[in-house]
file query.csv (CSV, C-alpha atoms and all ligand atoms)
chain,number,residue,atom,x,y,z
Z,1,MET,CA,11.8,98.2,42.0
Z,2,GLN,CA,10.1,98.6,38.7
Z,3,PHE,CA,6.3,98.1,38.4
Z,4,VAL,CA,4.0,96.8,35.7
Z,5,GLU,CA,0.8,98.8,35.7
Z,6,ALA,CA,-2.4,97.1,34.5
Z,7,ASN,CA,-6.0,98.2,34.9
Z,8,GLY,CA,-5.3,100.0,38.2
Z,9,ALA,CA,-2.9,97.4,39.6
Z,10,LYS,CA,0.8,98.3,40.2
Z,11,ILE,CA,2.5,95.0,40.1
Z,12,PRO,CA,6.2,94.9,41.3
Z,13,ALA,CA,8.0,93.6,38.2
Z,14,LEU,CA,10.0,91.0,40.2
Z,15,GLY,CA,8.3,88.7,42.7
Z,16,LEU,CA,9.1,85.4,44.5
Z,17,GLY,CA,7.4,82.3,43.3
Z,18,THR,CA,6.6,79.8,46.1
Z,19,TRP,CA,5.4,76.6,44.4
Z,20,GLU,CA,6.9,73.6,46.2
Z,21,LEU,CA,8.3,75.8,49.1
Z,22,ARG,CA,6.8,74.4,52.3
Z,23,GLY,CA,6.9,74.8,56.0
Z,24,ARG,CA,9.9,76.6,57.6
Z,25,THR,CA,11.8,76.8,54.4
Z,26,CYS,CA,8.9,78.8,52.8
Z,27,ALA,CA,8.5,81.2,55.7
Z,28,ARG,CA,12.2,81.8,55.9
Z,29,LEU,CA,12.5,82.4,52.1
Z,30,VAL,CA,9.6,84.8,52.1
Z,31,GLU,CA,11.0,86.7,55.1
Z,32,GLN,CA,14.5,86.9,53.6
Z,33,ALA,CA,13.2,87.9,50.1
Z,34,LEU,CA,11.3,90.8,51.6
Z,35,LYS,CA,14.3,91.9,53.7
Z,36,LEU,CA,16.3,91.9,50.4
Z,37,GLY,CA,13.8,94.2,48.7
Z,38,TYR,CA,11.3,91.8,47.0
Z,39,ARG,CA,7.9,93.4,47.2
Z,40,HIS,CA,5.8,90.7,45.4
Z,41,ILE,CA,5.0,87.2,46.6
Z,42,ASP,CA,3.1,84.6,44.6
Z,43,THR,CA,1.3,81.8,46.3
Z,44,ALA,CA,-1.8,79.6,45.6
Z,45,GLN,CA,-4.3,77.6,47.5
Z,46,VAL,CA,-3.0,74.4,45.9
Z,47,TYR,CA,0.6,75.2,47.0
Z,48,GLU,CA,-0.5,74.5,50.6
Z,49,ASN,CA,1.8,77.2,51.9
Z,50,GLU,CA,-0.4,80.3,52.3
Z,51,ARG,CA,0.0,80.0,56.1
Z,52,GLU,CA,3.8,80.1,55.8
Z,53,VAL,CA,3.8,82.9,53.3
Z,54,GLY,CA,1.8,85.0,55.8
Z,55,GLU,CA,4.3,84.0,58.6
Z,56,GLY,CA,7.2,85.1,56.4
Z,57,LEU,CA,5.5,88.4,55.6
Z,58,ARG,CA,5.0,89.2,59.3
Z,59,ALA,CA,8.5,88.1,60.3
Z,60,SER,CA,10.0,90.4,57.6
Z,61,GLY,CA,8.9,93.6,59.4
Z,62,VAL,CA,8.0,95.1,56.0
Z,63,ARG,CA,4.7,97.0,56.1
Z,64,ARG,CA,1.8,95.1,54.7
Z,65,ASP,CA,0.9,97.9,52.3
Z,66,ASP,CA,4.4,97.7,50.8
Z,67,VAL,CA,4.0,94.1,49.7
Z,68,PHE,CA,2.0,92.8,46.7
Z,69,VAL,CA,0.5,89.4,47.6
Z,70,THR,CA,-1.0,87.2,45.0
Z,71,THR,CA,-3.0,84.0,45.6
Z,72,LYS,CA,-4.9,81.7,43.3
Z,73,ILE,CA,-8.2,79.9,43.6
Z,74,TRP,CA,-8.1,76.3,42.7
Z,75,THR,CA,-10.5,75.0,40.0
Z,76,THR,CA,-12.6,72.9,42.3
Z,77,HIS,CA,-13.8,76.2,44.0
Z,78,PHE,CA,-15.1,77.9,41.0
Z,79,ALA,CA,-18.8,77.7,41.8
Z,80,PRO,CA,-19.8,81.1,43.2
Z,81,ASN,CA,-20.4,80.1,46.8
Z,82,ASP,CA,-17.3,77.9,46.9
Z,83,LEU,CA,-15.2,80.8,45.4
Z,84,GLU,CA,-16.2,83.2,48.2
Z,85,ARG,CA,-15.8,80.6,50.9
Z,86,SER,CA,-12.4,79.4,49.7
Z,87,THR,CA,-11.2,83.1,49.3
Z,88,LYS,CA,-12.1,83.6,53.0
Z,89,GLU,CA,-10.2,80.5,53.9
Z,90,SER,CA,-7.1,81.7,52.0
Z,91,LEU,CA,-7.3,85.0,53.8
Z,92,ALA,CA,-7.6,83.2,57.2
Z,93,ARG,CA,-4.5,81.1,56.3
Z,94,LEU,CA,-2.5,84.1,55.2
Z,95,ARG,CA,-3.9,86.1,58.2
Z,96,LEU,CA,-4.6,89.0,55.9
Z,97,SER,CA,-7.8,91.0,55.5
Z,98,GLU,CA,-7.2,91.2,51.7
Z,99,VAL,CA,-4.8,90.1,49.1
Z,100,ASP,CA,-3.5,92.4,46.3
Z,101,LEU,CA,-4.3,90.0,43.4
Z,102,LEU,CA,-6.6,87.0,43.3
Z,103,LEU,CA,-6.4,84.8,40.3
Z,104,LEU,CA,-8.4,81.9,38.8
Z,105,HIS,CA,-5.5,79.3,38.7
Z,106,TRP,CA,-6.6,77.5,35.6
Z,107,PRO,CA,-9.6,77.6,33.3
Z,108,ASN,CA,-12.3,75.1,34.3
Z,109,PRO,CA,-14.8,74.3,31.6
Z,110,GLN,CA,-17.0,72.5,34.1
Z,111,VAL,CA,-18.3,75.8,35.6
Z,112,PRO,CA,-19.7,78.6,33.4
Z,113,LEU,CA,-16.9,81.2,33.1
Z,114,ALA,CA,-19.3,84.1,33.6
Z,115,GLU,CA,-20.5,82.7,36.9
Z,116,THR,CA,-17.0,82.3,38.2
Z,117,LEU,CA,-16.0,85.7,37.1
Z,118,GLY,CA,-19.1,87.2,38.7
Z,119,ALA,CA,-18.1,85.6,42.0
Z,120,LEU,CA,-14.5,86.8,41.5
Z,121,ALA,CA,-15.7,90.4,40.9
Z,122,HIS,CA,-18.0,90.0,44.0
Z,123,VAL,CA,-15.2,89.1,46.4
Z,124,LYS,CA,-13.3,92.1,45.0
Z,125,LYS,CA,-16.3,94.3,45.8
Z,126,LEU,CA,-16.4,92.8,49.3
Z,127,GLY,CA,-12.8,94.0,49.8
Z,128,MET,CA,-11.2,90.6,49.9
Z,129,THR,CA,-8.8,91.5,47.1
Z,130,ARG,CA,-7.6,94.7,45.5
Z,131,HIS,CA,-7.4,93.3,42.0
Z,132,ILE,CA,-8.5,90.2,40.1
Z,133,GLY,CA,-7.1,88.3,37.2
Z,134,VAL,CA,-6.6,84.9,35.5
Z,135,SER,CA,-3.9,82.3,35.0
Z,136,ASN,CA,-3.3,79.9,32.1
Z,137,PHE,CA,-5.9,81.6,30.0
Z,138,THR,CA,-5.5,81.3,26.2
Z,139,VAL,CA,-6.2,84.3,23.9
Z,140,ALA,CA,-9.7,83.1,23.2
Z,141,LEU,CA,-10.4,82.7,27.0
Z,142,ILE,CA,-8.9,86.1,27.8
Z,143,ASP,CA,-11.3,87.7,25.3
Z,144,GLN,CA,-14.2,85.8,26.7
Z,145,ALA,CA,-13.2,86.6,30.3
Z,146,VAL,CA,-12.9,90.3,29.6
Z,147,ALA,CA,-16.3,90.4,27.9
Z,148,ALA,CA,-18.0,88.5,30.8
Z,149,CYS,CA,-16.3,90.0,33.9
Z,150,PRO,CA,-18.1,92.9,35.6
Z,151,GLU,CA,-14.7,94.2,36.9
Z,152,PRO,CA,-11.4,94.8,35.0
Z,153,LEU,CA,-9.0,91.9,35.0
Z,154,SER,CA,-5.4,92.9,35.8
Z,155,CYS,CA,-3.4,90.0,34.5
Z,156,ASP,CA,-3.0,86.7,32.9
Z,157,GLN,CA,-0.3,84.7,34.7
Z,158,VAL,CA,1.2,82.3,32.2
Z,159,GLU,CA,4.4,80.2,31.5
Z,160,TYR,CA,6.8,82.5,29.8
Z,161,HIS,CA,10.6,82.2,29.3
Z,162,PRO,CA,13.0,82.4,26.4
Z,163,TYR,CA,12.1,78.9,25.1
Z,164,LEU,CA,8.4,79.7,24.9
Z,165,ASP,CA,7.0,82.2,22.4
Z,166,GLN,CA,4.1,84.0,24.1
Z,167,THR,CA,3.6,86.8,21.5
Z,168,LYS,CA,-0.1,86.1,21.1
Z,169,VAL,CA,-1.0,86.1,24.8
Z,170,LYS,CA,1.2,89.3,25.3
Z,171,ASP,CA,-0.7,91.0,22.4
Z,172,ALA,CA,-4.1,90.0,23.8
Z,173,CYS,CA,-3.2,91.2,27.3
Z,174,ALA,CA,-1.9,94.5,25.9
Z,175,ARG,CA,-5.2,95.0,24.0
Z,176,HIS,CA,-7.1,94.6,27.2
Z,177,GLY,CA,-4.8,96.7,29.4
Z,178,MET,CA,-3.8,93.5,31.3
Z,179,ALA,CA,-0.3,92.6,32.5
Z,180,VAL,CA,1.5,89.4,31.7
Z,181,VAL,CA,3.0,87.7,34.8
Z,182,ALA,CA,5.6,85.1,33.8
Z,183,TYR,CA,5.7,81.9,35.7
Z,184,SER,CA,8.6,79.4,35.3
Z,185,PRO,CA,10.4,82.6,34.1
Z,186,ILE,CA,13.9,80.9,34.3
Z,187,ALA,CA,12.5,77.8,32.6
Z,188,LYS,CA,12.7,75.8,35.9
Z,189,GLY,CA,16.4,76.5,36.1
Z,190,ARG,CA,17.2,75.2,32.6
Z,191,ILE,CA,18.6,78.6,31.6
Z,192,LYS,CA,21.6,78.0,33.9
Z,193,THR,CA,23.6,76.3,31.1
Z,194,ASP,CA,22.2,78.3,28.2
Z,195,GLN,CA,25.1,79.5,26.0
Z,196,THR,CA,23.3,82.5,24.4
Z,197,LEU,CA,22.3,83.8,27.8
Z,198,ALA,CA,25.7,83.1,29.3
Z,199,GLY,CA,27.4,85.0,26.4
Z,200,ILE,CA,25.1,88.0,26.8
Z,201,GLY,CA,25.6,87.9,30.5
Z,202,GLN,CA,29.4,88.0,30.1
Z,203,ALA,CA,29.2,91.3,28.4
Z,204,HIS,CA,27.2,92.7,31.4
Z,205,GLY,CA,28.8,90.8,34.3
Z,206,LYS,CA,25.5,89.0,34.8
Z,207,THR,CA,24.4,85.3,35.2
Z,208,PRO,CA,22.1,83.6,32.7
Z,209,ALA,CA,19.3,83.8,35.2
Z,210,GLN,CA,19.8,87.6,35.5
Z,211,VAL,CA,19.8,88.1,31.8
Z,212,CYS,CA,16.7,85.9,31.4
Z,213,LEU,CA,14.8,87.9,34.1
Z,214,ARG,CA,16.0,91.2,32.7
Z,215,TRP,CA,14.7,90.1,29.2
Z,216,LEU,CA,11.2,89.6,30.8
Z,217,VAL,CA,11.0,92.8,32.8
Z,218,GLN,CA,12.4,94.8,29.9
Z,219,GLN,CA,9.3,93.7,28.0
Z,220,ASN,CA,7.1,95.2,30.8
Z,221,VAL,CA,6.3,91.7,32.0
Z,222,ALA,CA,6.4,90.8,35.7
Z,223,ALA,CA,8.4,87.7,36.6
Z,224,ILE,CA,8.1,85.4,39.7
Z,225,PRO,CA,11.2,83.1,39.9
Z,226,ARG,CA,11.3,80.6,42.6
Z,227,THR,CA,14.3,79.5,44.6
Z,228,SER,CA,14.8,77.5,47.7
Z,229,LYS,CA,18.2,78.9,48.2
Z,230,ILE,CA,18.7,82.2,50.2
Z,231,GLU,CA,21.9,83.0,48.1
Z,232,ARG,CA,19.9,82.9,44.9
Z,233,LEU,CA,17.3,85.4,46.2
Z,234,SER,CA,19.8,88.3,45.6
Z,235,GLU,CA,21.0,86.9,42.3
Z,236,ASN,CA,17.5,86.9,41.0
Z,237,ILE,CA,16.6,90.4,42.0
Z,238,GLU,CA,19.8,92.1,40.9
Z,239,ILE,CA,18.5,92.8,37.4
Z,240,PHE,CA,17.6,96.5,37.6
Z,241,ASP,CA,21.1,97.9,37.1
Z,242,PHE,CA,21.7,97.0,33.5
Z,243,VAL,CA,19.9,97.2,30.2
Z,244,LEU,CA,19.9,94.7,27.3
Z,245,SER,CA,20.3,96.2,23.8
Z,246,GLU,CA,17.6,95.8,21.2
Z,247,GLN,CA,19.9,93.2,19.5
Z,248,GLU,CA,20.3,91.2,22.7
Z,249,MET,CA,16.6,91.3,23.4
Z,250,GLY,CA,16.0,90.0,19.8
Z,251,GLU,CA,18.6,87.3,20.1
Z,252,ILE,CA,16.9,85.9,23.3
Z,253,SER,CA,13.4,86.2,21.8
Z,254,ALA,CA,14.6,84.3,18.7
Z,255,MET,CA,15.1,81.2,20.9
Z,256,GLY,CA,11.4,80.9,21.6
Z,257,SER,CA,9.0,78.5,20.0
Z,258,THR,CA,5.2,78.2,20.5
Z,259,ARG,CA,5.9,74.5,21.3
Z,260,GLY,CA,8.4,75.4,24.1
Z,261,ARG,CA,6.2,74.5,27.1
Z,262,LEU,CA,8.1,72.7,29.8
Z,263,THR,CA,5.4,70.9,31.7
Z,264,ASP,CA,2.3,69.1,30.6
Z,265,TYR,CA,-0.1,69.9,33.5
Z,266,GLY,CA,-2.6,67.4,32.2
Z,267,PHE,CA,-5.6,69.6,32.7
Z,268,ALA,CA,-4.4,72.5,30.6
Z,269,PRO,CA,-6.7,74.1,28.0
Z,270,LYS,CA,-6.0,73.6,24.3
Z,271,TRP,CA,-3.3,76.3,23.8
Z,272,ASP,CA,-3.9,78.7,20.9
S,1,LIG,N1,-0.1,79.8,37.6
S,1,LIG,C1,0.5,78.6,37.4
S,1,LIG,O1,-0.2,77.7,37.0
S,1,LIG,C2,1.9,78.4,37.8
S,1,LIG,C3,2.6,77.2,37.3
S,1,LIG,C4,3.9,77.1,37.7
S,1,LIG,C5,4.5,78.0,38.5
S,1,LIG,N2,3.8,79.1,39.0
S,1,LIG,C6,4.5,80.2,39.8
S,1,LIG,O2,5.7,80.6,39.2
S,1,LIG,C7,6.8,80.4,40.1
S,1,LIG,C8,8.0,80.1,39.4
S,1,LIG,O3,7.9,79.0,38.5
S,1,LIG,P1,8.6,77.6,38.7
S,1,LIG,O4,8.7,77.4,40.2
S,1,LIG,O5,7.8,76.6,37.9
S,1,LIG,O6,10.0,77.7,38.0
S,1,LIG,P2,11.2,78.8,37.9
S,1,LIG,O7,11.1,79.9,38.8
S,1,LIG,O8,11.4,79.1,36.4
S,1,LIG,O9,12.5,77.9,38.3
S,1,LIG,C9,12.7,77.4,39.6
S,1,LIG,C10,13.9,76.5,39.5
S,1,LIG,O10,15.0,77.2,39.1
S,1,LIG,C11,16.1,77.1,40.1
S,1,LIG,N3,16.7,78.4,40.2
S,1,LIG,C12,16.3,79.5,40.9
S,1,LIG,N4,17.1,80.6,40.8
S,1,LIG,C13,18.1,80.1,40.0
S,1,LIG,C14,19.3,80.8,39.5
S,1,LIG,N5,19.5,82.0,39.7
S,1,LIG,N6,20.1,80.0,38.7
S,1,LIG,C15,19.8,78.7,38.4
S,1,LIG,N7,18.7,78.1,38.8
S,1,LIG,C16,17.9,78.8,39.6
S,1,LIG,C17,15.4,76.6,41.4
S,1,LIG,O11,16.3,75.8,42.1
S,1,LIG,P3,16.7,76.2,43.6
S,1,LIG,O12,15.5,76.1,44.4
S,1,LIG,O13,17.7,75.1,43.8
S,1,LIG,O14,17.3,77.5,43.5
S,1,LIG,C18,14.2,75.8,40.9
S,1,LIG,O15,14.6,74.5,40.6
S,1,LIG,C19,6.3,79.2,41.0
S,1,LIG,O16,7.0,79.0,42.2
S,1,LIG,C20,4.8,79.6,41.2
S,1,LIG,O17,4.8,80.6,42.2
S,1,LIG,C21,2.5,79.3,38.6
call {"tool": "encode", "arguments": {"input": "query.csv", "output": "structure tokens"}}
result
Amino acid sequence: MQFVEANGAKIPALGLGTWELRGRTCARLVEQALKLGYRHIDTAQVYENEREVGEGLRASGVRRDDVFVTTKIWTTHFAPNDLERSTKESLARLRLSEVDLLLLHWPNPQVPLAETLGALAHVKKLGMTRHIGVSNFTVALIDQAVAACPEPLSCDQVEYHPYLDQTKVKDACARHGMAVVAYSPIAKGRIKTDQTLAGIGQAHGKTPAQVCLRWLVQQNVAAIPRTSKIERLSENIEIFDFVLSEQEMGEISAMGSTRGRLTDYGFAPKWD
């Protein structure tokens, strides 16, 4: 496994996304992923599966310290007391004493950012998380957050795949020593029929998903693809045994547009 290092955090470059995985399916997928060599699991309060993620983790037999667990605080818990209480509740559901990375899931302009970041830094000081970060923050918000947060921020988790140009966010994160963690990294499965990725994959004996994920990790970005199918778990992690040439990397990057977001989440900030 390759790692992305950011402000003290060592984030495994490939993780399992768990949005929409529920109940037994979720626990089984997490268990199998860890047995196959995944060392990074991404969950969130709003996914309503923290309990099952914890179950999968314990069933896998992999040592707790060898797994990087991320969870995210939902925006209605951003007032300082709520943030601490809801973090405790997440830990209780996961049955963990601490997570590795705790993120603010989306910006919430209703609560002053400095207050929320103060509370986030406080739960880190209390030992509830090893690292803290943000998600869905624009360049302007990243700059504000870094200036206001008493503790270093380790990442911005954002939508990133070949159809979305995230150069500005990547540059902002690099300036602040933060990692980019790519969500929807295989464009919600749309890469499956992509001719460019398929063509490049043919030359390496790899699938479009593998080429896409390789393109991300080769930029020192961490990626958290989700699958509900056990057989795809291995496909999505077998990306560390080949290298894309500079020309191939450029060809894939050239497909991206700043208007390439796949989902309108309704409550998103005004993207830069
Ligand atoms: N921070 C945020 O606001 C935020 C927002 C969205 C997502 N996320 C995180 O990022 C994770 C991943 O994003 P995502 O779930 O939106 O999308 P994604 O990982 O890009 O795509 C998931 C879709 O791709 C399919 N798929 C998986 N592996 C495949 C393969 N090898 N070939 C073809 N299709 C494949 C899956 O179908 P099958 O199940 O049938 O395999 C599923 O429909 C989430 O689960 C969540 O943890 C975070």
call {"tool": "residues_around", "arguments": {"input": "query.csv", "residues": "range 206-223 of chain Z", "least_positions_apart": "5", "cutoff": "9 Å", "atoms": "only C-alpha atoms", "output": "ChimeraX atom specification"}}
result
/Z:2-5,11-17,160-162,170,179-186,189,191-201,235-240,242-244,248-249,252-253
call {"tool": "atom_distance", "arguments": {"input": "query.csv", "atom1": "CA of Gly54 in chain Z", "atom2": "CA of His105 in chain Z"}}
result
19.4 Å
call {"tool": "closest_residue", "arguments": {"input": "query.csv", "among": "Z:Ala114, Z:Val46, Z:Leu141, Z:Cys149", "to": "ligand LIG 1 (chain S)", "atoms": "all atoms listed in the file"}}
result
Z:Val46
call {"tool": "atom_distance", "arguments": {"input": "query.csv", "atom1": "CA of Lys229 in chain Z", "atom2": "CA of Arg39 in chain Z"}}
result
17.8 Å
call {"tool": "residues_around", "arguments": {"input": "query.csv", "residues": "Trp271 in chain Z", "least_positions_apart": "4", "cutoff": "10 Å", "atoms": "only C-alpha atoms", "output": "count of residues only"}}
result
7
call {"tool": "atom_distance", "arguments": {"input": "query.csv", "atom1": "CA of Leu164 in chain Z", "atom2": "CA of Ser228 in chain Z"}}
result
23.8 Å
call {"tool": "closest_residue", "arguments": {"input": "query.csv", "among": "Z:Arg130, Z:Lys72, Z:Lys168, Z:Arg58", "to": "Trp19 in chain Z", "atoms": "only C-alpha atoms"}}
result
Z:Lys72
call {"tool": "closest_residue", "arguments": {"input": "query.csv", "among": "Z:Ala44, Z:Asn108, Z:Tyr265, Z:Ser97", "to": "Leu126 in chain Z", "atoms": "all atoms listed in the file"}}
result
Z:Ser97
call {"tool": "closest_residue", "arguments": {"input": "query.csv", "among": "Z:Asp272, Z:Asp241, Z:Asp42, Z:Glu20", "to": "Leu102 in chain Z", "atoms": "all atoms listed in the file"}}
result
Z:Asp42
call {"tool": "residues_around", "arguments": {"input": "query.csv", "residues": "Ala59 in chain Z", "least_positions_apart": "2", "cutoff": "12 Å", "atoms": "only C-alpha atoms", "output": "VMD selection string"}}
result
chain Z and resid 24 26 to 35 52 to 57 61 to 64
call {"tool": "closest_residue", "arguments": {"input": "query.csv", "among": "Z:Ala147, Z:Leu262, Z:Ala187, Z:Leu120", "to": "ligand LIG 1 (chain S)", "atoms": "only C-alpha atoms and all ligand atoms"}}
result
Z:Ala187
call {"tool": "residues_near_point", "arguments": {"input": "query.csv", "point": "(-2.2, 95.2, 52.8)", "cutoff": "8 Å", "atoms": "all atoms listed in the file", "output": "list in words"}}
result
Arg63, Arg64, Asp65, Asp66, Val67, Phe68, Leu96, Ser97, Glu98, Val99 and Asp100 of chain Z
call {"tool": "write_last_selection", "arguments": {"input": "query.csv", "atoms": "C-alpha atoms", "output": "PDB file, in the coordinates of the input"}}
result
ATOM      1  CA  ARG Z  63       4.700  97.000  56.100  1.00  0.00           C
ATOM      2  CA  ARG Z  64       1.800  95.100  54.700  1.00  0.00           C
ATOM      3  CA  ASP Z  65       0.900  97.900  52.300  1.00  0.00           C
ATOM      4  CA  ASP Z  66       4.400  97.700  50.800  1.00  0.00           C
ATOM      5  CA  VAL Z  67       4.000  94.100  49.700  1.00  0.00           C
ATOM      6  CA  PHE Z  68       2.000  92.800  46.700  1.00  0.00           C
ATOM      7  CA  LEU Z  96      -4.600  89.000  55.900  1.00  0.00           C
ATOM      8  CA  SER Z  97      -7.800  91.000  55.500  1.00  0.00           C
ATOM      9  CA  GLU Z  98      -7.200  91.200  51.700  1.00  0.00           C
ATOM     10  CA  VAL Z  99      -4.800  90.100  49.100  1.00  0.00           C
ATOM     11  CA  ASP Z 100      -3.500  92.400  46.300  1.00  0.00           C
TER      12      ASP Z 100
END
call {"tool": "closest_residue", "arguments": {"input": "query.csv", "among": "Z:Cys173, Z:Ile224, Z:Met178, Z:Leu117", "to": "ligand LIG 1 (chain S)", "atoms": "all atoms listed in the file"}}
result
Z:Ile224
call {"tool": "build_atoms", "arguments": {"input": "query.csv", "residues": "range 171-179 of chain Z", "atoms": "all heavy atoms", "output": "short mmCIF file (atom, residue, chain, number, x, y, z; two decimals), keeping the file's coordinate frame"}}
result
data_model
loop_
_atom_site.label_atom_id
_atom_site.label_comp_id
_atom_site.auth_asym_id
_atom_site.auth_seq_id
_atom_site.Cartn_x
_atom_site.Cartn_y
_atom_site.Cartn_z
N ASP Z 171 0.08 90.06 23.24
CA ASP Z 171 -0.70 91.00 22.40
C ASP Z 171 -2.13 91.11 22.96
O ASP Z 171 -2.71 92.20 23.05
CB ASP Z 171 -0.72 90.60 20.95
CG ASP Z 171 0.65 90.80 20.31
OD1 ASP Z 171 1.52 91.44 20.93
OD2 ASP Z 171 0.85 90.32 19.17
N ALA Z 172 -2.72 89.95 23.32
CA ALA Z 172 -4.10 90.00 23.80
C ALA Z 172 -4.17 90.74 25.14
O ALA Z 172 -5.08 91.54 25.35
CB ALA Z 172 -4.59 88.53 24.02
N CYS Z 173 -3.21 90.50 26.02
CA CYS Z 173 -3.20 91.20 27.30
C CYS Z 173 -3.05 92.73 27.05
O CYS Z 173 -3.75 93.54 27.67
CB CYS Z 173 -2.08 90.71 28.20
SG CYS Z 173 -2.49 89.12 28.95
N ALA Z 174 -2.16 93.10 26.14
CA ALA Z 174 -1.90 94.50 25.90
C ALA Z 174 -3.25 95.16 25.34
O ALA Z 174 -3.61 96.27 25.74
CB ALA Z 174 -0.82 94.68 24.84
N ARG Z 175 -3.96 94.44 24.49
CA ARG Z 175 -5.20 95.00 24.00
C ARG Z 175 -6.22 95.27 25.07
O ARG Z 175 -7.03 96.18 24.96
CB ARG Z 175 -5.86 93.88 23.05
CG ARG Z 175 -5.74 94.17 21.59
CD ARG Z 175 -6.61 93.24 20.74
NE ARG Z 175 -6.22 91.84 20.78
CZ ARG Z 175 -7.02 90.86 21.17
NH1 ARG Z 175 -8.25 91.10 21.55
NH2 ARG Z 175 -6.59 89.61 21.18
N HIS Z 176 -6.17 94.48 26.13
CA HIS Z 176 -7.10 94.60 27.20
C HIS Z 176 -6.55 95.39 28.43
O HIS Z 176 -7.17 95.41 29.49
CB HIS Z 176 -7.64 93.27 27.68
CG HIS Z 176 -8.41 92.53 26.63
ND1 HIS Z 176 -9.57 93.02 26.08
CD2 HIS Z 176 -8.18 91.34 26.02
CE1 HIS Z 176 -10.03 92.16 25.18
NE2 HIS Z 176 -9.19 91.13 25.12
N GLY Z 177 -5.37 95.94 28.26
CA GLY Z 177 -4.80 96.70 29.40
C GLY Z 177 -4.32 95.78 30.51
O GLY Z 177 -4.16 96.24 31.65
N MET Z 178 -4.15 94.49 30.23
CA MET Z 178 -3.80 93.50 31.30
C MET Z 178 -2.25 93.29 31.26
O MET Z 178 -1.62 93.37 30.21
CB MET Z 178 -4.47 92.18 31.04
CG MET Z 178 -5.97 92.24 31.24
SD MET Z 178 -6.80 90.79 30.53
CE MET Z 178 -6.21 89.45 31.56
N ALA Z 179 -1.72 92.94 32.42
CA ALA Z 179 -0.30 92.60 32.50
C ALA Z 179 -0.11 91.11 32.21
O ALA Z 179 -1.02 90.31 32.44
CB ALA Z 179 0.21 92.89 33.91
#
